[in-house]
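Asker: Dropping in target.txt, which is compact mmCIF, C-alpha atoms and all ligand atoms:
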```
# COMPACT_ATOMS: atom_id res chain seq x y z
CA MET A 1 -31.85 20.37 5.88
CA LYS A 2 -32.84 18.68 2.61
CA LEU A 3 -33.46 15.01 3.29
CA PRO A 4 -34.05 12.05 1.00
CA LYS A 5 -37.45 10.32 1.16
CA GLN A 6 -35.88 6.89 1.25
CA VAL A 7 -32.57 5.26 2.17
CA ARG A 8 -31.12 1.78 1.66
CA ILE A 9 -29.99 -0.24 4.66
CA LYS A 10 -27.49 -3.04 4.11
CA GLU A 11 -27.67 -5.52 6.97
CA VAL A 12 -24.22 -6.93 7.74
CA GLY A 13 -25.02 -8.69 11.03
CA PRO A 14 -24.66 -12.28 9.80
CA ARG A 15 -21.18 -11.43 8.49
CA ASP A 16 -19.62 -8.46 10.33
CA GLY A 17 -21.73 -9.21 13.41
CA LEU A 18 -20.95 -12.88 13.77
CA GLN A 19 -17.32 -12.85 12.58
CA ASN A 20 -16.28 -11.31 15.89
CA GLU A 21 -18.32 -13.56 18.16
CA PRO A 22 -16.40 -16.25 20.03
CA GLN A 23 -19.57 -18.25 20.71
CA GLN A 24 -20.00 -20.52 17.66
CA VAL A 25 -23.51 -20.31 16.25
CA ASP A 26 -24.85 -23.54 14.80
CA THR A 27 -25.34 -23.48 11.00
CA GLY A 28 -29.07 -24.31 11.21
CA ASP A 29 -29.58 -21.50 13.74
CA LYS A 30 -27.75 -19.01 11.50
CA ILE A 31 -29.96 -20.00 8.57
CA ALA A 32 -33.15 -19.60 10.62
CA TRP A 33 -31.94 -16.19 11.85
CA ILE A 34 -31.11 -15.00 8.32
CA ASN A 35 -34.55 -16.18 7.16
CA GLN A 36 -36.11 -14.12 9.94
CA LEU A 37 -34.05 -11.08 8.89
CA SER A 38 -35.23 -11.59 5.30
CA ALA A 39 -38.82 -11.41 6.47
CA SER A 40 -38.33 -8.02 8.19
CA GLY A 41 -38.35 -6.03 4.96
CA LEU A 42 -34.57 -5.68 4.62
CA SER A 43 -33.64 -5.63 0.95
CA TYR A 44 -29.96 -6.51 1.38
CA ILE A 45 -28.29 -9.00 3.69
CA GLU A 46 -24.61 -9.81 3.80
CA VAL A 47 -24.94 -13.42 4.88
CA THR A 48 -21.34 -14.61 5.30
CA SER A 49 -17.83 -14.39 3.94
CA PHE A 50 -15.74 -16.71 1.81
CA VAL A 51 -12.47 -16.04 3.55
CA HIS A 52 -10.13 -18.69 4.93
CA PRO A 53 -11.92 -20.66 7.68
CA LYS A 54 -8.74 -20.63 9.75
CA TRP A 55 -8.84 -16.82 9.79
CA ILE A 56 -12.57 -16.55 10.63
CA PRO A 57 -13.75 -19.87 12.12
CA GLN A 58 -17.26 -18.58 12.90
CA LEU A 59 -17.98 -18.32 9.16
CA ALA A 60 -16.43 -21.65 8.13
CA ASP A 61 -19.92 -22.86 7.17
CA SER A 62 -20.40 -20.17 4.50
CA GLU A 63 -21.24 -22.60 1.66
CA ALA A 64 -23.89 -24.37 3.74
CA VAL A 65 -25.42 -21.08 4.92
CA LEU A 66 -25.58 -19.48 1.49
CA SER A 67 -27.00 -22.53 -0.21
CA SER A 68 -29.66 -23.28 2.43
CA ILE A 69 -31.21 -19.91 3.27
CA HIS A 70 -34.68 -19.20 1.98
CA ARG A 71 -34.28 -16.67 -0.87
CA ARG A 72 -36.98 -14.09 -0.60
CA ALA A 73 -37.84 -12.14 -3.77
CA GLY A 74 -36.49 -8.60 -3.70
CA VAL A 75 -33.69 -9.37 -1.23
CA THR A 76 -30.05 -9.35 -2.34
CA TYR A 77 -27.89 -11.94 -0.58
CA ALA A 78 -24.24 -10.92 -0.54
CA ALA A 79 -20.92 -12.11 0.90
CA LEU A 80 -17.32 -10.98 1.29
CA VAL A 81 -14.86 -12.46 -1.18
CA PRO A 82 -11.10 -11.86 -0.81
CA ASN A 83 -9.72 -13.75 -3.81
CA MET A 84 -10.47 -16.20 -6.64
CA ARG A 85 -10.73 -19.19 -4.28
CA GLY A 86 -13.38 -17.26 -2.35
CA LEU A 87 -15.20 -16.32 -5.57
CA GLU A 88 -15.32 -19.92 -6.71
CA ARG A 89 -16.89 -20.92 -3.37
CA ALA A 90 -19.37 -18.01 -3.48
CA LEU A 91 -20.45 -18.80 -7.04
CA ASN A 92 -20.98 -22.45 -6.09
CA GLY A 93 -23.38 -21.22 -3.42
CA HIS A 94 -25.22 -18.98 -5.95
CA ILE A 95 -24.29 -15.65 -4.44
CA ASP A 96 -26.26 -12.60 -5.69
CA GLU A 97 -23.61 -9.97 -5.06
CA VAL A 98 -19.93 -10.13 -4.28
CA SER A 99 -18.12 -7.72 -1.97
CA VAL A 100 -14.40 -7.40 -2.36
CA PHE A 101 -12.54 -5.63 0.42
CA MET A 102 -9.28 -3.96 1.26
CA SER A 103 -7.95 -1.17 3.45
CA ALA A 104 -6.78 2.36 2.86
CA SER A 105 -3.92 1.73 5.31
CA SER A 106 -1.10 -0.69 4.47
CA ALA A 107 -0.77 -2.15 7.96
CA HIS A 108 -4.45 -3.06 8.30
CA ASN A 109 -4.48 -4.48 4.79
CA GLN A 110 -1.48 -6.65 5.60
CA ASN A 111 -2.91 -7.84 8.91
CA ASN A 112 -6.38 -8.46 7.51
CA ILE A 113 -5.73 -10.08 4.15
CA ASN A 114 -2.04 -10.86 4.28
CA LYS A 115 -1.04 -8.64 1.35
CA THR A 116 0.35 -5.20 0.65
CA ILE A 117 -1.99 -2.71 -1.02
CA LYS A 118 -0.09 -3.10 -4.28
CA GLU A 119 -0.32 -6.90 -4.15
CA THR A 120 -4.07 -6.67 -3.47
CA TYR A 121 -5.06 -4.71 -6.61
CA PRO A 122 -4.46 -7.47 -9.20
CA VAL A 123 -6.16 -10.07 -6.97
CA LEU A 124 -9.31 -7.96 -6.60
CA LYS A 125 -9.24 -6.90 -10.24
CA GLU A 126 -9.45 -10.54 -11.30
CA VAL A 127 -12.27 -11.22 -8.80
CA VAL A 128 -14.25 -8.22 -10.10
CA ARG A 129 -13.75 -9.23 -13.73
CA GLU A 130 -14.72 -12.86 -13.15
CA ALA A 131 -17.68 -12.00 -10.91
CA LYS A 132 -18.97 -9.61 -13.58
CA SER A 133 -18.55 -12.17 -16.30
CA ALA A 134 -20.61 -14.55 -14.14
CA GLY A 135 -23.34 -11.86 -14.19
CA LYS A 136 -22.93 -10.68 -10.56
CA SER A 137 -22.81 -7.12 -9.35
CA VAL A 138 -19.80 -6.20 -7.30
CA ARG A 139 -20.00 -4.01 -4.31
CA GLY A 140 -16.55 -2.57 -4.28
CA GLY A 141 -17.00 -3.21 -1.26
CA TYR A 142 -15.46 -1.98 1.59
CA LEU A 143 -12.57 0.22 1.88
CA SER A 144 -11.57 -0.13 5.54
CA THR A 145 -9.76 2.30 7.86
CA VAL A 146 -10.94 5.38 5.94
CA ILE A 147 -10.59 7.62 8.99
CA ALA A 148 -7.94 5.87 11.07
CA CYS A 149 -6.02 2.62 11.25
CA PRO A 150 -5.47 0.68 14.48
CA TYR A 151 -1.77 0.35 13.59
CA GLU A 152 -0.95 3.56 11.70
CA GLY A 153 -3.25 6.19 13.22
CA ALA A 154 -4.94 8.89 11.13
CA ILE A 155 -5.47 8.21 7.41
CA SER A 156 -5.76 11.16 5.05
CA PRO A 157 -8.77 11.63 2.74
CA GLU A 158 -6.30 11.78 -0.15
CA GLN A 159 -5.00 8.30 0.67
CA VAL A 160 -8.62 7.06 0.69
CA ARG A 161 -9.32 8.80 -2.63
CA GLN A 162 -6.38 7.09 -4.31
CA VAL A 163 -7.40 3.56 -3.26
CA ALA A 164 -11.06 4.31 -4.07
CA ASP A 165 -9.98 5.40 -7.53
CA HIS A 166 -8.22 2.06 -8.12
CA LEU A 167 -11.30 0.16 -6.95
CA PHE A 168 -13.73 2.10 -9.16
CA ASN A 169 -11.36 1.65 -12.11
CA MET A 170 -11.63 -2.11 -11.60
CA GLY A 171 -15.36 -1.79 -12.33
CA ILE A 172 -16.95 -2.04 -8.89
CA ASP A 173 -20.55 -0.80 -8.61
CA GLU A 174 -20.47 0.68 -5.13
CA LEU A 175 -17.89 1.50 -2.48
CA SER A 176 -18.63 1.21 1.21
CA LEU A 177 -16.39 3.41 3.32
CA GLY A 178 -15.50 1.74 6.60
CA ASP A 179 -14.69 3.48 9.84
CA THR A 180 -13.39 0.12 11.00
CA ILE A 181 -12.47 1.05 14.57
CA GLY A 182 -15.28 3.55 15.15
CA VAL A 183 -13.27 6.68 15.82
CA ALA A 184 -14.88 9.08 13.33
CA VAL A 185 -16.69 12.27 14.26
CA PRO A 186 -18.92 14.25 11.87
CA THR A 187 -16.26 16.87 11.05
CA GLU A 188 -13.93 14.11 9.82
CA VAL A 189 -16.71 12.50 7.81
CA GLU A 190 -17.34 15.89 6.19
CA LYS A 191 -13.64 16.32 5.31
CA LEU A 192 -13.53 12.84 3.79
CA LEU A 193 -16.69 13.30 1.73
CA ASP A 194 -15.56 16.78 0.63
CA VAL A 195 -12.62 15.06 -1.07
CA LEU A 196 -14.52 12.03 -2.43
CA LEU A 197 -17.83 13.48 -3.63
CA PRO A 198 -16.45 15.67 -6.42
CA GLU A 199 -14.97 12.51 -7.91
CA PHE A 200 -17.39 9.68 -7.08
CA PRO A 201 -21.17 10.15 -7.16
CA ALA A 202 -23.01 9.89 -3.83
CA GLU A 203 -25.23 7.12 -5.26
CA ARG A 204 -22.17 4.90 -5.58
CA LEU A 205 -20.91 5.42 -2.04
CA ALA A 206 -22.13 3.81 1.17
CA MET A 207 -21.07 4.42 4.75
CA HIS A 208 -20.08 1.67 7.19
CA PHE A 209 -19.74 3.05 10.70
CA HIS A 210 -18.66 1.04 13.70
CA ASP A 211 -20.01 2.57 16.88
CA THR A 212 -17.10 2.03 19.26
CA ARG A 213 -17.33 5.54 20.68
CA GLY A 214 -21.03 6.25 20.23
CA THR A 215 -20.58 8.61 17.25
CA ALA A 216 -22.03 6.42 14.50
CA LEU A 217 -25.53 7.96 14.32
CA ALA A 218 -24.05 11.47 14.25
CA ASN A 219 -21.80 10.35 11.40
CA VAL A 220 -24.76 8.84 9.54
CA LEU A 221 -26.61 12.13 9.84
CA LYS A 222 -23.64 14.10 8.49
CA SER A 223 -23.32 11.67 5.56
CA LEU A 224 -27.05 11.91 4.88
CA GLU A 225 -26.83 15.71 4.80
CA MET A 226 -24.05 15.36 2.23
CA GLY A 227 -26.17 13.17 -0.07
CA ILE A 228 -25.29 9.58 0.93
CA THR A 229 -28.33 7.28 1.01
CA THR A 230 -26.87 3.80 1.59
CA PHE A 231 -25.82 2.72 5.07
CA ASP A 232 -24.47 -0.54 6.47
CA SER A 233 -25.58 -1.62 9.91
CA SER A 234 -25.81 -4.68 12.06
CA LEU A 235 -28.73 -5.95 14.07
CA GLY A 236 -28.13 -5.29 17.75
CA GLY A 237 -24.87 -3.48 17.00
CA LEU A 238 -23.04 -6.77 16.65
CA GLY A 239 -19.71 -6.77 14.88
CA GLY A 240 -16.08 -5.84 14.70
CA CYS A 241 -13.01 -6.84 12.78
CA PRO A 242 -10.84 -9.50 14.46
CA TYR A 243 -7.85 -7.89 12.73
CA ALA A 244 -8.53 -4.40 14.13
CA LYS A 245 -7.98 -4.40 17.88
CA GLY A 246 -10.46 -2.30 19.81
CA ALA A 247 -13.12 -2.28 17.09
CA SER A 248 -16.61 -2.88 18.36
CA GLY A 249 -19.89 -3.42 16.55
CA ASN A 250 -21.55 -1.58 13.69
CA VAL A 251 -24.23 1.00 14.24
CA ALA A 252 -27.31 -0.99 15.30
CA THR A 253 -29.83 -1.48 12.47
CA GLU A 254 -32.82 -0.96 14.74
CA ASP A 255 -31.43 2.33 16.16
CA LEU A 256 -30.70 3.56 12.65
CA ILE A 257 -34.17 2.63 11.47
CA TYR A 258 -35.80 4.27 14.47
CA MET A 259 -33.99 7.52 13.61
CA PHE A 260 -34.83 7.38 9.89
CA HIS A 261 -38.50 6.56 10.43
CA ARG A 262 -38.92 9.37 12.97
CA MET A 263 -37.31 11.71 10.42
CA GLY A 264 -39.89 10.65 7.83
CA ILE A 265 -37.35 8.68 5.77
CA ARG A 266 -38.51 5.29 4.48
CA THR A 267 -36.39 2.15 4.87
CA GLY A 268 -38.91 -0.59 4.04
CA VAL A 269 -37.96 -2.39 7.26
CA GLU A 270 -40.36 -3.26 10.07
CA ILE A 271 -38.73 -2.48 13.37
CA ASP A 272 -40.78 -4.98 15.41
CA ALA A 273 -39.77 -7.80 13.10
CA LEU A 274 -36.13 -6.79 13.51
CA ILE A 275 -36.42 -6.73 17.27
CA ALA A 276 -37.87 -10.25 17.20
CA ALA A 277 -34.84 -11.33 15.12
CA GLY A 278 -32.68 -9.55 17.72
CA GLU A 279 -34.20 -11.64 20.49
CA ARG A 280 -33.39 -14.82 18.59
CA ILE A 281 -29.71 -13.95 18.19
CA GLU A 282 -29.53 -12.84 21.85
CA ASP A 283 -30.66 -16.34 22.81
CA LEU A 284 -28.18 -17.96 20.44
CA LEU A 285 -25.25 -15.90 21.67
CA GLY A 286 -26.37 -16.01 25.27
CA LYS A 287 -25.96 -12.28 25.82
CA PRO A 288 -28.02 -9.09 25.54
CA LEU A 289 -27.59 -7.04 22.38
CA ASN A 290 -26.11 -3.62 22.65
CA SER A 291 -28.70 -1.34 21.05
CA ARG A 292 -31.02 1.30 22.44
CA GLN A 293 -34.09 -0.31 20.91
CA MET A 294 -33.29 -3.72 22.39
CA GLU A 295 -32.65 -2.13 25.76
CA ILE A 296 -35.98 -0.29 25.66
CA LYS A 297 -37.67 -3.55 24.81
CA ARG A 298 -35.99 -5.29 27.78
CA ARG A 299 -36.89 -2.47 30.17
CA SER A 300 -40.48 -2.41 29.04
CA GLY A 301 -41.01 -6.02 30.07
CA GLY A 302 -39.70 -7.93 27.08
CA LYS A 303 -36.72 -10.17 27.67
P1 LIG B 401 -3.38 -16.37 2.75
O1 LIG B 401 -2.95 -17.34 3.79
O2 LIG B 401 -2.45 -15.27 2.40
O3 LIG B 401 -3.81 -17.14 1.44
O4 LIG B 401 -4.75 -15.77 3.19
P2 LIG B 401 -2.98 -17.79 0.27
O5 LIG B 401 -3.50 -17.23 -1.01
O6 LIG B 401 -1.50 -17.69 0.56
O7 LIG B 401 -3.39 -19.34 0.37
C1 LIG B 401 -3.05 -20.15 1.50
C2 LIG B 401 -4.01 -21.32 1.60
O8 LIG B 401 -5.32 -20.82 1.90
C3 LIG B 401 -4.18 -22.10 0.30
O9 LIG B 401 -4.45 -23.45 0.67
C4 LIG B 401 -5.44 -21.54 -0.31
O10 LIG B 401 -6.13 -22.44 -1.17
C5 LIG B 401 -6.27 -21.25 0.92
P3 LIG B 401 -3.31 -24.60 0.52
O11 LIG B 401 -2.96 -24.58 -0.94
O12 LIG B 401 -2.20 -24.13 1.40
O13 LIG B 401 -4.02 -25.82 1.00
N1 LIG B 401 -7.21 -20.16 0.66
C6 LIG B 401 -8.52 -20.23 0.89
N2 LIG B 401 -9.32 -21.18 1.38
C7 LIG B 401 -10.63 -20.91 1.46
N3 LIG B 401 -11.19 -19.73 1.07
C8 LIG B 401 -10.42 -18.75 0.57
C9 LIG B 401 -9.03 -18.97 0.48
N4 LIG B 401 -8.02 -18.20 0.06
C10 LIG B 401 -6.90 -18.94 0.16
N5 LIG B 401 -10.98 -17.59 0.19
C11 LIG B 401 -6.83 -14.61 2.90
C12 LIG B 401 -5.39 -14.74 2.44
C13 LIG B 401 -7.40 -13.36 2.26
C14 LIG B 401 -7.59 -15.84 2.43
C15 LIG B 401 -6.83 -14.53 4.45
O14 LIG B 401 -5.99 -13.50 4.84
C16 LIG B 401 -8.21 -14.30 5.01
O15 LIG B 401 -9.07 -15.17 4.96
N6 LIG B 401 -8.47 -13.05 5.54
C17 LIG B 401 -9.80 -12.69 5.96
C18 LIG B 401 -9.78 -11.75 7.08
C19 LIG B 401 -11.20 -11.33 7.38
O16 LIG B 401 -12.18 -11.98 7.04
N7 LIG B 401 -11.33 -10.16 8.06
C20 LIG B 401 -12.60 -9.63 8.45
C21 LIG B 401 -13.41 -9.08 7.30
S1 LIG B 401 -12.94 -7.46 6.81
C22 LIG B 401 -13.81 -6.41 7.90
O17 LIG B 401 -14.38 -6.87 8.85
C23 LIG B 401 -13.88 -4.95 7.60
C24 LIG B 401 -15.24 -4.55 6.99
O18 LIG B 401 -16.32 -4.87 7.86
C25 LIG B 401 -15.28 -3.03 6.71
C26 LIG B 401 -14.85 -2.18 7.90
O19 LIG B 401 -15.42 -2.31 8.99
O20 LIG B 401 -13.94 -1.37 7.69
C27 LIG B 401 -15.48 -5.26 5.66
MG MG B 402 -16.98 -3.69 9.52
```
In C-alpha cells, how does this file's structure come out?
Answerer:
Amino acid sequence: MKLPKQVRIKEVGPRDGLQNEPQQVDTGDKIAWINQLSASGLSYIEVTSFVHPKWIPQLADSEAVLSSIHRRAGVTYAALVPNMRGLERALNGHIDEVSVFMSASSAHNQNNINKTIKETYPVLKEVVREAKSAGKSVRGGYLSTVIACPYEGAISPEQVRQVADHLFNMGIDELSLGDTIGVAVPTEVEKLLDVLLPEFPAERLAMHFHDTRGTALANVLKSLEMGITTFDSSLGGLGGCPYAKGASGNVATEDLIYMFHRMGIRTGVEIDALIAAGERIEDLLGKPLNSRQMEIKRRSGGK
C-alpha cells in the first residue's frame, strides 16, 4: 500500500462535538478548551457555527467564542455558516475560514437548513462570493448524507457528484464528504470515490466519518488508500447532527492519530496533549468520552 507521509486533521469537536450535547458548556470553559486544543499541534479547529441559536442553542455564544479564543500562529479557526446573516456574524468575529454546508439528500437538507437543494444553491453561492471578497478561504464544506440519509435511505454516488459539482462551481476550495449517520463501509466509500476522484482532485476532498457503527477507521483507511489526505474528527468521538436521528459522534481524533502515527504518517498533533484536553471536556460534560485512547487512559489509572 502506498501511503502519504503526512495527513491533515481537521478538529470539529467544538462544533460538531458540542452541537449535539444537551449539557450546556459555559462560554469561558469552551474558550479554555479550544485554547488547549490549539496547543496540541492541531492546525485546524472548527470552533463553532453561525447558525440560528434557536436551532442549535449550545452554540448560541459563537461570536463570544470566536472573538475571545487565543489565536495561535499556524492554526486555522473555522466555523459553519449557512447564509449571509451567518457570514456577517462570522466576519465580525474575524473568522479565518468559512464552511458552507448542505446535503446530498433533499429531505436532510430540508430538515437541517429549512430549504430545498435548489433553494440552497443561490444562498451558498452568495456566501462563497462574499466570503472570498472578504479574503477568506471557503471550505465547501460539507456535503452531508453522501452515503445514506436518515429519511431517504441510500444516496447514489451520482447524486453526490451532481451536488459536489454545483459546490465546486461556486468556487469552494475544499469539499468535506459527510457520512452523517455513520453507516458507511469501505466498499461504499470506494464506490463513492471511484465516481468523484476522476472529476475532483483528491487534494480538494476531505472525509468526515461519523462512527455510529464502528466503521469509521476502516473507512478512513480506504480513503487514504485512494489518495485522500484530509480527515475531520472530533476529540473523544463527540458529535452528531441534531437533524439526523441516530447519528452519533465523529471518529475520535485521538484514535485516528494513534493509527496514523503507528503507520508512520505524520499529523503534527501530540496525542498526550489531546488526551489532556479530552479530560477537560469530560469534566465539563460530566461524562466519559467514547474513544479507545481515553478508555485506555482511564483503565491505566488516569481518570
Ligand atoms: P430559517 O428559519 O429558514 O431562516 O433558518 P430564515 O432565513 O427564514 O430567517 C428566519 C429568522 O432567523 C430571521 O430573523 C433571520 O434573521 C434569522 P427574524 O427576521 O425573523 O427576526 N436568521 C439567523 N439568525 C442568526 N444567525 C443566522 C440566521 N439565519 C437566519 N445564521 C437556518 C435557516 C439555516 C438559519 C436554520 O435552519 C439553521 O440554523 N440550521 C442549522 C442547523 C444546524 O446547525 N445543523 C447542524 C450542522 S450540519 C451537520 O452537523 C452536518 C456536518 O457535520 C457534516 C455531516 O456530518 O454530514 C456539517
Ligand atoms: Mg458531522
Asker: Within 8 Å of ligand LIG 401 (chain B), counting all atoms listed in the file: which residues, as JSON, numbers by chain?
Answerer: {"A": [16, 19, 49, 50, 51, 52, 53, 54, 55, 56, 80, 81, 82, 83, 84, 85, 86, 87, 89, 101, 102, 103, 111, 112, 113, 114, 115, 141, 142, 143, 144, 145, 146, 176, 177, 178, 179, 180, 181, 208, 209, 210, 240, 241, 242, 243, 250]}
Asker: Looking at A:Val127, A:Ala202, A:Ile155, A:Ala39, which one is nearest to Ala273 (chain A), with distances taken over all atoms listed in the file?
Answerer: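 Result for the nearest residue to Ala273 (chain A): A:Ala39.
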Asker: CA of Lys287 (chain A) to CA of Gly237 (chain A): how many Å, to one decimal?
Answerer: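 Separation between CA of Lys287 (chain A) and CA of Gly237 (chain A): 12.5 Å.
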Asker: Check the smallest atom-to-atom distance from each of A:Ile95, A:Val195, A:Ile271, A:Val251 to ligand MG 402 (chain B) using all atoms listed in the file, then report the winner.
Answerer: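 Counting all atoms listed in the file, the residue closest to ligand MG 402 (chain B) is A:Val251.
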Asker: Residues within 12 Å of (-33.2, -4.6, 26.5), file coordinates, counting all atoms listed in the file: what are they? Give the list as a PyMOL selection string.
Answerer: chain A and resi 236+275-276+278-279+282+287-303
Asker: How many Å lie between CA of Tyr44 (chain A) and CA of Ser234 (chain A), rounded to one decimal?
Answerer: 11.6 Å
Asker: Could you check which of A:Leu197, A:Ile117, A:Gly182, A:Leu124 is closest to Val163 (chain A), using all atoms listed in the file?
Answerer: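 Under the stated criterion, the closest residue is A:Ile117.
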Asker: Could you tell me how far CA of Asp255 (chain A) lies from atom MG of ligand MG 402 (chain B), in Å and to one decimal?
Answerer: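 Distance reported for this atom pair: 17.0 Å.
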Asker: For a quick check of understanding, using all atoms listed in the file, which of A:Ala131, A:Ala148, A:Leu196, A:Leu175 has the smallest distance to Ala107 (chain A)?
Answerer: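 Nearest to Ala107 (chain A): A:Ala148.
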